[in-house]
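Note: the block below is upload34.cif and it holds mmCIF, C-alpha atoms (C1' of nucleotides).
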data_work
#
loop_
_atom_site.group_PDB
_atom_site.id
_atom_site.type_symbol
_atom_site.label_atom_id
_atom_site.label_comp_id
_atom_site.auth_asym_id
_atom_site.auth_seq_id
_atom_site.Cartn_x
_atom_site.Cartn_y
_atom_site.Cartn_z
ATOM 1 C CA MET A 39 216.201 132.019 124.455
ATOM 2 C CA SER A 40 216.450 132.773 120.742
ATOM 3 C CA ILE A 41 215.993 135.755 118.451
ATOM 4 C CA VAL A 42 215.365 135.829 114.703
ATOM 5 C CA THR A 43 215.733 138.473 112.008
ATOM 6 C CA TRP A 44 213.919 138.042 108.702
ATOM 7 C CA ASN A 45 213.276 140.276 105.742
ATOM 8 C CA VAL A 46 209.968 138.745 104.677
ATOM 9 C CA ASN A 47 209.423 140.876 101.553
ATOM 10 C CA SER A 48 205.693 141.367 102.303
ATOM 11 C CA LEU A 49 204.237 140.079 105.555
ATOM 12 C CA LYS A 50 200.938 139.379 103.813
ATOM 13 C CA VAL A 51 202.447 137.018 101.248
ATOM 14 C CA ARG A 52 204.861 135.406 103.702
ATOM 15 C CA PHE A 53 202.467 134.894 106.607
ATOM 16 C CA PRO A 54 202.259 131.101 106.063
ATOM 17 C CA HIS A 55 206.068 130.941 106.039
ATOM 18 C CA LEU A 56 206.165 132.920 109.282
ATOM 19 C CA GLU A 57 203.735 130.453 110.840
ATOM 20 C CA THR A 58 205.963 127.556 109.773
ATOM 21 C CA MET A 59 209.050 129.285 111.139
ATOM 22 C CA ILE A 60 207.294 129.835 114.467
ATOM 23 C CA LYS A 61 206.141 126.213 114.580
ATOM 24 C CA ASP A 62 209.674 124.974 113.817
ATOM 25 C CA CYS A 63 211.762 127.394 115.878
ATOM 26 C CA SER A 64 209.465 129.133 118.369
ATOM 27 C CA PRO A 65 211.815 132.117 118.780
ATOM 28 C CA ASP A 66 211.325 134.381 121.786
ATOM 29 C CA VAL A 67 211.741 137.443 119.574
ATOM 30 C CA ILE A 68 211.226 137.850 115.811
ATOM 31 C CA CYS A 69 212.348 140.995 114.003
ATOM 32 C CA LEU A 70 210.742 141.463 110.598
ATOM 33 C CA GLN A 71 211.700 143.827 107.790
ATOM 34 C CA GLU A 72 209.903 144.811 104.602
ATOM 35 C CA THR A 73 206.484 144.069 106.010
ATOM 36 C CA LYS A 74 205.081 146.395 103.315
ATOM 37 C CA THR A 75 202.034 146.810 105.523
ATOM 38 C CA GLU A 76 200.350 149.936 106.833
ATOM 39 C CA ASP A 77 199.818 149.874 110.601
ATOM 40 C CA ALA A 78 196.040 149.911 110.090
ATOM 41 C CA ASN A 79 196.327 146.646 108.117
ATOM 42 C CA PHE A 80 198.864 144.915 110.376
ATOM 43 C CA PRO A 81 197.642 141.358 111.103
ATOM 44 C CA LEU A 82 197.737 141.872 114.870
ATOM 45 C CA ALA A 83 195.006 139.347 115.725
ATOM 46 C CA ASP A 84 196.734 136.636 113.650
ATOM 47 C CA ILE A 85 200.053 137.371 115.389
ATOM 48 C CA GLU A 86 198.363 137.260 118.803
ATOM 49 C CA ASN A 87 196.789 133.933 117.867
ATOM 50 C CA LEU A 88 200.339 132.648 117.431
ATOM 51 C CA ASP A 89 201.038 133.828 121.014
ATOM 52 C CA TYR A 90 203.175 136.855 120.220
ATOM 53 C CA PHE A 91 202.963 140.498 121.128
ATOM 54 C CA ALA A 92 203.768 142.894 118.290
ATOM 55 C CA SER A 93 205.363 146.345 118.005
ATOM 56 C CA TYR A 94 205.077 147.500 114.416
ATOM 57 C CA HIS A 95 205.967 150.487 112.317
ATOM 58 C CA GLY A 96 204.890 150.242 108.705
ATOM 59 C CA GLN A 97 203.751 152.037 105.600
ATOM 60 C CA LYS A 98 202.106 151.246 102.297
ATOM 61 C CA THR A 99 204.091 149.375 99.591
ATOM 62 C CA TYR A 100 207.610 149.839 100.952
ATOM 63 C CA ASN A 101 209.725 149.210 104.047
ATOM 64 C CA GLY A 102 208.039 148.473 107.374
ATOM 65 C CA VAL A 103 209.491 146.766 110.463
ATOM 66 C CA ALA A 104 208.023 144.817 113.374
ATOM 67 C CA ILE A 105 209.162 143.152 116.587
ATOM 68 C CA LEU A 106 207.179 140.075 117.638
ATOM 69 C CA SER A 107 207.820 138.820 121.151
ATOM 70 C CA ARG A 108 206.629 136.058 123.467
ATOM 71 C CA GLU A 109 206.910 138.415 126.444
ATOM 72 C CA ARG A 110 205.708 141.974 126.518
ATOM 73 C CA VAL A 111 208.418 144.493 125.559
ATOM 74 C CA HIS A 112 208.650 148.093 126.744
ATOM 75 C CA GLU A 113 210.163 151.471 125.795
ATOM 76 C CA VAL A 114 209.116 150.958 122.165
ATOM 77 C CA GLN A 115 210.638 153.530 119.824
ATOM 78 C CA PHE A 116 209.978 154.033 116.086
ATOM 79 C CA GLY A 117 212.477 155.513 113.664
ATOM 80 C CA ILE A 118 215.723 157.305 114.496
ATOM 81 C CA PRO A 119 215.009 160.066 117.015
ATOM 82 C CA ASN A 120 215.655 163.562 115.635
ATOM 83 C CA PHE A 121 216.226 162.213 112.128
ATOM 84 C CA GLU A 122 213.606 163.257 109.622
ATOM 85 C CA ASP A 123 212.632 160.164 107.592
ATOM 86 C CA ASN A 124 209.356 159.280 105.913
ATOM 87 C CA GLN A 125 210.464 155.647 105.526
ATOM 88 C CA ALA A 126 209.601 153.110 108.246
ATOM 89 C CA ARG A 127 212.972 151.448 108.896
ATOM 90 C CA VAL A 128 213.583 151.140 112.637
ATOM 91 C CA VAL A 129 211.742 149.812 115.650
ATOM 92 C CA ALA A 130 213.475 149.401 118.995
ATOM 93 C CA ALA A 131 212.228 147.940 122.254
ATOM 94 C CA THR A 132 213.502 146.631 125.563
ATOM 95 C CA SER A 133 212.944 142.934 126.203
ATOM 96 C CA SER A 134 211.552 141.504 129.427
ATOM 97 C CA THR A 135 215.157 140.680 130.403
ATOM 98 C CA GLY A 136 216.362 144.249 129.865
ATOM 99 C CA THR A 137 218.143 143.810 126.533
ATOM 100 C CA ARG A 138 217.664 146.691 124.107
ATOM 101 C CA ILE A 139 216.623 145.281 120.725
ATOM 102 C CA ILE A 140 217.052 147.439 117.628
ATOM 103 C CA ASN A 141 215.395 146.093 114.483
ATOM 104 C CA VAL A 142 216.695 147.827 111.369
ATOM 105 C CA TYR A 143 216.044 147.905 107.638
ATOM 106 C CA VAL A 144 218.893 149.911 106.133
ATOM 107 C CA PRO A 145 218.224 151.639 102.772
ATOM 108 C CA ASN A 146 219.319 149.689 99.724
ATOM 109 C CA GLY A 147 221.058 152.565 97.958
ATOM 110 C CA GLU A 148 220.244 151.596 94.350
ATOM 111 C CA ALA A 149 223.753 152.149 92.955
ATOM 112 C CA VAL A 150 226.993 153.719 94.150
ATOM 113 C CA ASP A 151 226.840 157.499 93.644
ATOM 114 C CA SER A 152 223.072 157.565 93.054
ATOM 115 C CA GLU A 153 220.877 159.894 95.115
ATOM 116 C CA LYS A 154 219.639 156.901 97.061
ATOM 117 C CA TYR A 155 223.226 155.915 97.863
ATOM 118 C CA VAL A 156 223.806 159.359 99.357
ATOM 119 C CA TYR A 157 220.608 158.877 101.397
ATOM 120 C CA LYS A 158 221.843 155.445 102.494
ATOM 121 C CA LEU A 159 225.151 156.831 103.769
ATOM 122 C CA SER A 160 223.581 159.765 105.600
ATOM 123 C CA TRP A 161 220.911 157.448 106.982
ATOM 124 C CA PHE A 162 223.559 155.048 108.299
ATOM 125 C CA ARG A 163 225.547 157.891 109.860
ATOM 126 C CA ALA A 164 222.415 158.994 111.723
ATOM 127 C CA PHE A 165 221.832 155.377 112.754
ATOM 128 C CA ILE A 166 225.374 155.142 114.164
ATOM 129 C CA GLU A 167 224.773 158.258 116.284
ATOM 130 C CA TYR A 168 221.475 156.791 117.476
ATOM 131 C CA VAL A 169 223.217 153.564 118.513
ATOM 132 C CA ARG A 170 225.988 155.569 120.177
ATOM 133 C CA SER A 171 223.458 157.367 122.347
ATOM 134 C CA THR A 172 221.531 154.137 123.016
ATOM 135 C CA ALA A 173 224.754 152.529 124.249
ATOM 136 C CA LYS A 174 225.016 155.229 126.941
ATOM 137 C CA THR A 175 221.709 154.065 128.427
ATOM 138 C CA TYR A 176 221.773 150.295 127.838
ATOM 139 C CA SER A 177 224.666 147.931 128.482
ATOM 140 C CA SER A 178 223.069 144.970 126.726
ATOM 141 C CA ILE A 179 222.060 145.584 123.096
ATOM 142 C CA ILE A 180 221.240 143.468 120.044
ATOM 143 C CA ILE A 181 221.023 145.183 116.652
ATOM 144 C CA LEU A 182 219.603 142.954 113.972
ATOM 145 C CA GLY A 183 218.045 143.238 110.563
ATOM 146 C CA ASP A 184 218.708 143.784 106.892
ATOM 147 C CA PHE A 185 221.802 146.006 106.752
ATOM 148 C CA ASN A 186 222.127 145.972 102.972
ATOM 149 C CA ILE A 187 225.892 145.759 103.463
ATOM 150 C CA ALA A 188 228.096 142.721 102.832
ATOM 151 C CA PRO A 189 230.910 143.441 105.307
ATOM 152 C CA ARG A 190 233.694 141.314 103.812
ATOM 153 C CA GLY A 191 234.803 139.689 100.594
ATOM 154 C CA GLU A 192 233.750 136.259 101.825
ATOM 155 C CA ASP A 193 230.190 137.566 102.248
ATOM 156 C CA VAL A 194 229.800 137.813 98.470
ATOM 157 C CA TYR A 195 229.718 135.027 95.858
ATOM 158 C CA ASP A 196 232.058 136.921 93.535
ATOM 159 C CA PRO A 197 234.120 139.453 95.512
ATOM 160 C CA GLU A 198 235.965 140.729 92.465
ATOM 161 C CA ALA A 199 232.806 141.368 90.483
ATOM 162 C CA PHE A 200 231.342 143.213 93.486
ATOM 163 C CA HIS A 201 234.438 145.322 94.128
ATOM 164 C CA GLU A 202 233.253 148.868 94.964
ATOM 165 C CA LYS A 203 229.746 147.917 93.874
ATOM 166 C CA LEU A 204 226.627 148.635 95.918
ATOM 167 C CA LEU A 205 226.516 146.719 99.232
ATOM 168 C CA CYS A 206 230.300 146.253 99.094
ATOM 169 C CA SER A 207 231.743 149.732 98.629
ATOM 170 C CA ASP A 208 234.463 150.983 100.961
ATOM 171 C CA GLN A 209 232.180 153.726 102.243
ATOM 172 C CA GLU A 210 229.460 151.252 103.201
ATOM 173 C CA ARG A 211 231.904 148.795 104.767
ATOM 174 C CA THR A 212 233.702 151.539 106.678
ATOM 175 C CA LEU A 213 230.407 152.670 108.191
ATOM 176 C CA PHE A 214 229.570 149.079 109.149
ATOM 177 C CA GLU A 215 232.977 148.814 110.873
ATOM 178 C CA GLU A 216 232.321 152.105 112.626
ATOM 179 C CA LEU A 217 229.088 150.662 114.010
ATOM 180 C CA LEU A 218 230.909 147.546 115.237
ATOM 181 C CA GLY A 219 233.503 149.860 116.793
ATOM 182 C CA LEU A 220 230.866 151.152 119.212
ATOM 183 C CA GLY A 221 231.221 147.799 120.986
ATOM 184 C CA PHE A 222 229.392 145.224 118.868
ATOM 185 C CA LEU A 223 230.288 141.808 117.524
ATOM 186 C CA ASP A 224 229.059 140.434 114.208
ATOM 187 C CA ALA A 225 227.729 137.289 115.846
ATOM 188 C CA PHE A 226 227.450 135.085 112.767
ATOM 189 C CA HIS A 227 230.954 135.934 111.632
ATOM 190 C CA GLU A 228 232.405 135.303 115.090
ATOM 191 C CA ARG A 229 230.374 132.205 115.987
ATOM 192 C CA THR A 230 230.177 130.042 112.885
ATOM 193 C CA GLU A 231 232.627 127.762 111.154
ATOM 194 C CA SER A 232 230.395 127.164 108.154
ATOM 195 C CA SER A 233 231.427 128.511 104.768
ATOM 196 C CA GLU A 234 227.713 128.832 103.901
ATOM 197 C CA ARG A 235 227.299 132.429 104.915
ATOM 198 C CA PHE A 236 224.764 133.913 102.548
ATOM 199 C CA THR A 237 221.404 135.264 103.714
ATOM 200 C CA TRP A 238 220.080 136.659 100.417
ATOM 201 C CA TRP A 239 219.857 135.276 96.891
ATOM 202 C CA ASP A 240 218.470 137.056 93.837
ATOM 203 C CA TYR A 241 215.135 135.716 92.603
ATOM 204 C CA ARG A 242 216.571 135.756 89.086
ATOM 205 C CA MET A 243 219.072 133.547 87.278
ATOM 206 C CA ASN A 244 218.483 130.566 89.581
ATOM 207 C CA ALA A 245 220.764 132.341 92.017
ATOM 208 C CA PHE A 246 219.792 130.228 95.030
ATOM 209 C CA ARG A 247 220.289 126.901 93.275
ATOM 210 C CA ARG A 248 223.637 128.148 91.958
ATOM 211 C CA LYS A 249 224.669 129.349 95.428
ATOM 212 C CA LEU A 250 225.078 132.930 94.213
ATOM 213 C CA GLY A 251 224.256 134.848 97.359
ATOM 214 C CA LEU A 252 225.287 137.629 99.702
ATOM 215 C CA ARG A 253 225.419 138.018 103.477
ATOM 216 C CA ILE A 254 223.603 141.267 104.216
ATOM 217 C CA ASP A 255 221.380 140.303 107.169
ATOM 218 C CA HIS A 256 223.199 140.530 110.473
ATOM 219 C CA ILE A 257 222.864 140.107 114.223
ATOM 220 C CA LEU A 258 225.205 142.417 116.105
ATOM 221 C CA MET A 259 225.496 142.251 119.870
ATOM 222 C CA THR A 260 227.350 143.743 122.778
ATOM 223 C CA GLU A 261 229.926 141.521 124.461
ATOM 224 C CA SER A 262 227.557 140.720 127.337
ATOM 225 C CA GLU A 263 225.093 139.159 124.883
ATOM 226 C CA PHE A 264 227.766 137.602 122.715
ATOM 227 C CA ASN A 265 229.184 135.720 125.684
ATOM 228 C CA ARG A 266 225.773 134.103 126.174
ATOM 229 C CA CYS A 267 225.286 133.398 122.469
ATOM 230 C CA ALA A 268 225.698 129.713 121.697
ATOM 231 C CA GLU A 269 224.919 129.652 117.975
ATOM 232 C CA VAL A 270 223.919 131.760 114.981
ATOM 233 C CA LYS A 271 222.164 129.924 112.150
ATOM 234 C CA ILE A 272 220.962 130.920 108.713
ATOM 235 C CA LEU A 273 217.641 129.140 108.159
ATOM 236 C CA LYS A 274 218.226 128.405 104.497
ATOM 237 C CA GLU A 275 215.311 125.989 104.221
ATOM 238 C CA PHE A 276 212.950 128.984 104.078
ATOM 239 C CA ARG A 277 214.616 130.146 100.873
ATOM 240 C CA LYS A 278 213.810 126.738 99.313
ATOM 241 C CA MET A 279 210.083 126.945 99.956
ATOM 242 C CA GLU A 280 207.465 127.734 97.390
ATOM 243 C CA ARG A 281 207.085 131.503 96.875
ATOM 244 C CA PRO A 282 209.924 132.311 99.283
ATOM 245 C CA SER A 283 211.278 135.612 100.506
ATOM 246 C CA ASP A 284 214.596 136.349 98.802
ATOM 247 C CA HIS A 285 216.096 136.560 102.317
ATOM 248 C CA ALA A 286 216.548 133.634 104.707
ATOM 249 C CA PRO A 287 215.860 134.141 108.429
ATOM 250 C CA VAL A 288 218.889 134.328 110.738
ATOM 251 C CA MET A 289 218.551 132.986 114.279
ATOM 252 C CA ALA A 290 220.757 133.499 117.334
ATOM 253 C CA THR A 291 220.373 131.124 120.272
ATOM 254 C CA PHE A 292 221.455 132.054 123.780
ATOM 255 C CA ILE A 293 222.328 129.968 126.812
ATOM 256 C "C1'" DA B 78 226.115 138.919 78.929
ATOM 257 C "C1'" DT B 79 223.077 145.230 82.868
ATOM 258 C "C1'" DG B 80 218.849 140.799 81.503
ATOM 259 C "C1'" DG B 81 216.261 138.090 84.681
ATOM 260 C "C1'" DC B 82 212.148 137.807 89.258
ATOM 261 C "C1'" DA B 83 208.917 139.305 92.860
ATOM 262 C "C1'" DG B 84 205.582 142.479 95.369
ATOM 263 C "C1'" DG B 85 202.493 146.307 95.416
ATOM 264 C "C1'" DC B 86 199.658 149.470 93.277
ATOM 265 C "C1'" DT B 87 193.444 151.994 92.983
ATOM 266 C "C1'" DA B 88 197.684 148.722 88.282
ATOM 267 C "C1'" DT B 89 196.775 146.144 83.283
ATOM 268 C "C1'" DG B 90 202.976 148.948 83.050
ATOM 269 C "C1'" DC B 91 205.918 151.154 86.476
ATOM 270 C "C1'" DC B 92 208.642 151.599 90.694
ATOM 271 C "C1'" DT B 93 211.659 149.338 93.984
ATOM 272 C "C1'" DG B 94 214.511 145.910 95.626
ATOM 273 C "C1'" DA B 95 219.979 144.092 96.092
#

Represent the structure contained in this file as structure tokens.
Amino acid sequence: MSIVTWNVNSLKVRFPHLETMIKDCSPDVICLQETKTEDANFPLADIENLDYFASYHGQKTYNGVAILSRERVHEVQFGIPNFEDNQARVVAATSSTGTRIINVYVPNGEAVDSEKYVYKLSWFRAFIEYVRSTAKTYSSIIILGDFNIAPRGEDVYDPEAFHEKLLCSDQERTLFEELLGLGFLDAFHERTESSERFTWWDYRMNAFRRKLGLRIDHILMTESEFNRCAEVKILKEFRKMERPSDHAPVMATFI
DNA sequence: ATGGCAGGCTATGCCTGA
């Protein structure tokens, strides 16, 4: 059993890459972010041809999330309940094995102290409360997606340059820790020995070739799931492809 | 070195991303 998270930066453009990833890895569940696709235009038939079910929540131009799954999921939920938001950033569903899967695309925040940063922090606080209430109902949970937070110094190519900058500020990192404190493990951080930890590289400045990246895509899981988790891998080869997403997929494999 | 690169839009430059 395996599960993937991938910010595809346009599902339309990246569809061939998705097909390759499915051919290579055949994950049981794929969580996509930044589909940038309205629900009416979601390529459902193409996804079904690849033998996946799809639960999707999108909008024009920006954001958009989807859960693709080999088995039918249930209790599908869009957005954060009771949190007013016109941006499509969350889809949650329960897998055939009873695990609650929460696919998230956290706001970027633009710059520390910008209006969007304030939105990011309030958004994340609402998300924490949502996860807190989810944890009362489900004992087995995986939260995965683009968190737009690099939790630790080692998750950034130049920690000093990024000190208190967007994605690395104390306020963002404290909220990330608060989320973990609800009973989640940062699976990549806990499971890997590799020093290659980045999941995102800027399109500009030859950042990928120069290994100038960040780790902002995460797979968090409750202890029950973590104990079954054998490996978490960053599929860097997809960042090397022609016309790549700026994010690499991250895959967790379970026993 | 605050630029650069990519995607979408009813576009032909501007917004957003991180």

Given the file above and the PyMOL selection byres ((chain A) within 10 of (chain B)), which residues are selected, and can you give them as a short mmCIF file (atom, residue, chain, number, x, y, z; two decimals) with C-alpha atoms, in the coordinates of the input?
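Contents of expr32.cif, freshly written:
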data_model
loop_
_atom_site.label_atom_id
_atom_site.label_comp_id
_atom_site.auth_asym_id
_atom_site.auth_seq_id
_atom_site.Cartn_x
_atom_site.Cartn_y
_atom_site.Cartn_z
CA ASN A 47 209.42 140.88 101.55
CA SER A 48 205.69 141.37 102.30
CA VAL A 51 202.45 137.02 101.25
CA LYS A 74 205.08 146.40 103.32
CA LYS A 98 202.11 151.25 102.30
CA THR A 99 204.09 149.38 99.59
CA TYR A 100 207.61 149.84 100.95
CA PRO A 145 218.22 151.64 102.77
CA ASN A 146 219.32 149.69 99.72
CA GLY A 147 221.06 152.56 97.96
CA GLU A 148 220.24 151.60 94.35
CA ALA A 149 223.75 152.15 92.96
CA ASN A 186 222.13 145.97 102.97
CA ILE A 187 225.89 145.76 103.46
CA LEU A 204 226.63 148.64 95.92
CA LEU A 205 226.52 146.72 99.23
CA TRP A 238 220.08 136.66 100.42
CA TRP A 239 219.86 135.28 96.89
CA ASP A 240 218.47 137.06 93.84
CA TYR A 241 215.14 135.72 92.60
CA ARG A 242 216.57 135.76 89.09
CA MET A 243 219.07 133.55 87.28
CA ASN A 244 218.48 130.57 89.58
CA LEU A 252 225.29 137.63 99.70
CA ILE A 254 223.60 141.27 104.22
CA ARG A 281 207.08 131.50 96.88
CA PRO A 282 209.92 132.31 99.28
CA SER A 283 211.28 135.61 100.51
CA ASP A 284 214.60 136.35 98.80
#

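From CA of Thr73 (chain A) back to CA of Val114 (chain A), the distance works out to 17.8 Å.
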
**Report entry** Result set, the PyMOL selection byres ((chain A and resi 260) around 9) on current file, as a ChimeraX atom specification
**Finding:** /A:177-181,220-223,258-259,261-265

Requested in this report: Tell me, in Å to one decimal, how far CA of Leu49 (chain A) is from CA of Ser133 (chain A).
Outcome: 22.6 Å

Query - Straight-line distance linking CA of Ser152 (chain A) with CA of Cys206 (chain A), stated in Å to one decimal - result: 14.7 Å

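Of the listed residues (A:Arg170, A:Lys249, A:His201, A:Lys61), A:Arg170 comes nearest to Gly219 (chain A); the distances count only C-alpha atoms.
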
Reference answer for the PyMOL selection byres ((chain A and resi 232) around 12), as a compact mmCIF listing (two decimals) with C-alpha atoms, keeping the file's coordinate frame:
# COMPACT_ATOMS: atom_id res chain seq x y z
CA GLU A 192 233.75 136.26 101.82
CA ASP A 193 230.19 137.57 102.25
CA PHE A 226 227.45 135.08 112.77
CA HIS A 227 230.95 135.93 111.63
CA GLU A 228 232.40 135.30 115.09
CA ARG A 229 230.37 132.21 115.99
CA THR A 230 230.18 130.04 112.88
CA GLU A 231 232.63 127.76 111.15
CA SER A 233 231.43 128.51 104.77
CA GLU A 234 227.71 128.83 103.90
CA ARG A 235 227.30 132.43 104.92
CA PHE A 236 224.76 133.91 102.55
CA GLU A 269 224.92 129.65 117.98
CA VAL A 270 223.92 131.76 114.98
CA LYS A 271 222.16 129.92 112.15
CA ILE A 272 220.96 130.92 108.71

Report task. Identify, on the basis of all atoms listed in the file, every residue whose closest approach to Lys203 (chain A) does not exceed 9 Å; exclude the query and any residue fewer than 4 positions from it along the same chain; express the result as a ChimeraX atom specification. Result -> /A:149-150,199,207

Work out where the centre of an axis-aligned box around every listed atom of region 121-138 of chain A lies and how long its edges are once 4 Å is added on each side; give both in Å to one decimal as AutoDock Vina command-line options.
--center_x 213.7 --center_y 152.0 --center_z 118.0 --size_x 16.8 --size_y 30.6 --size_z 32.9
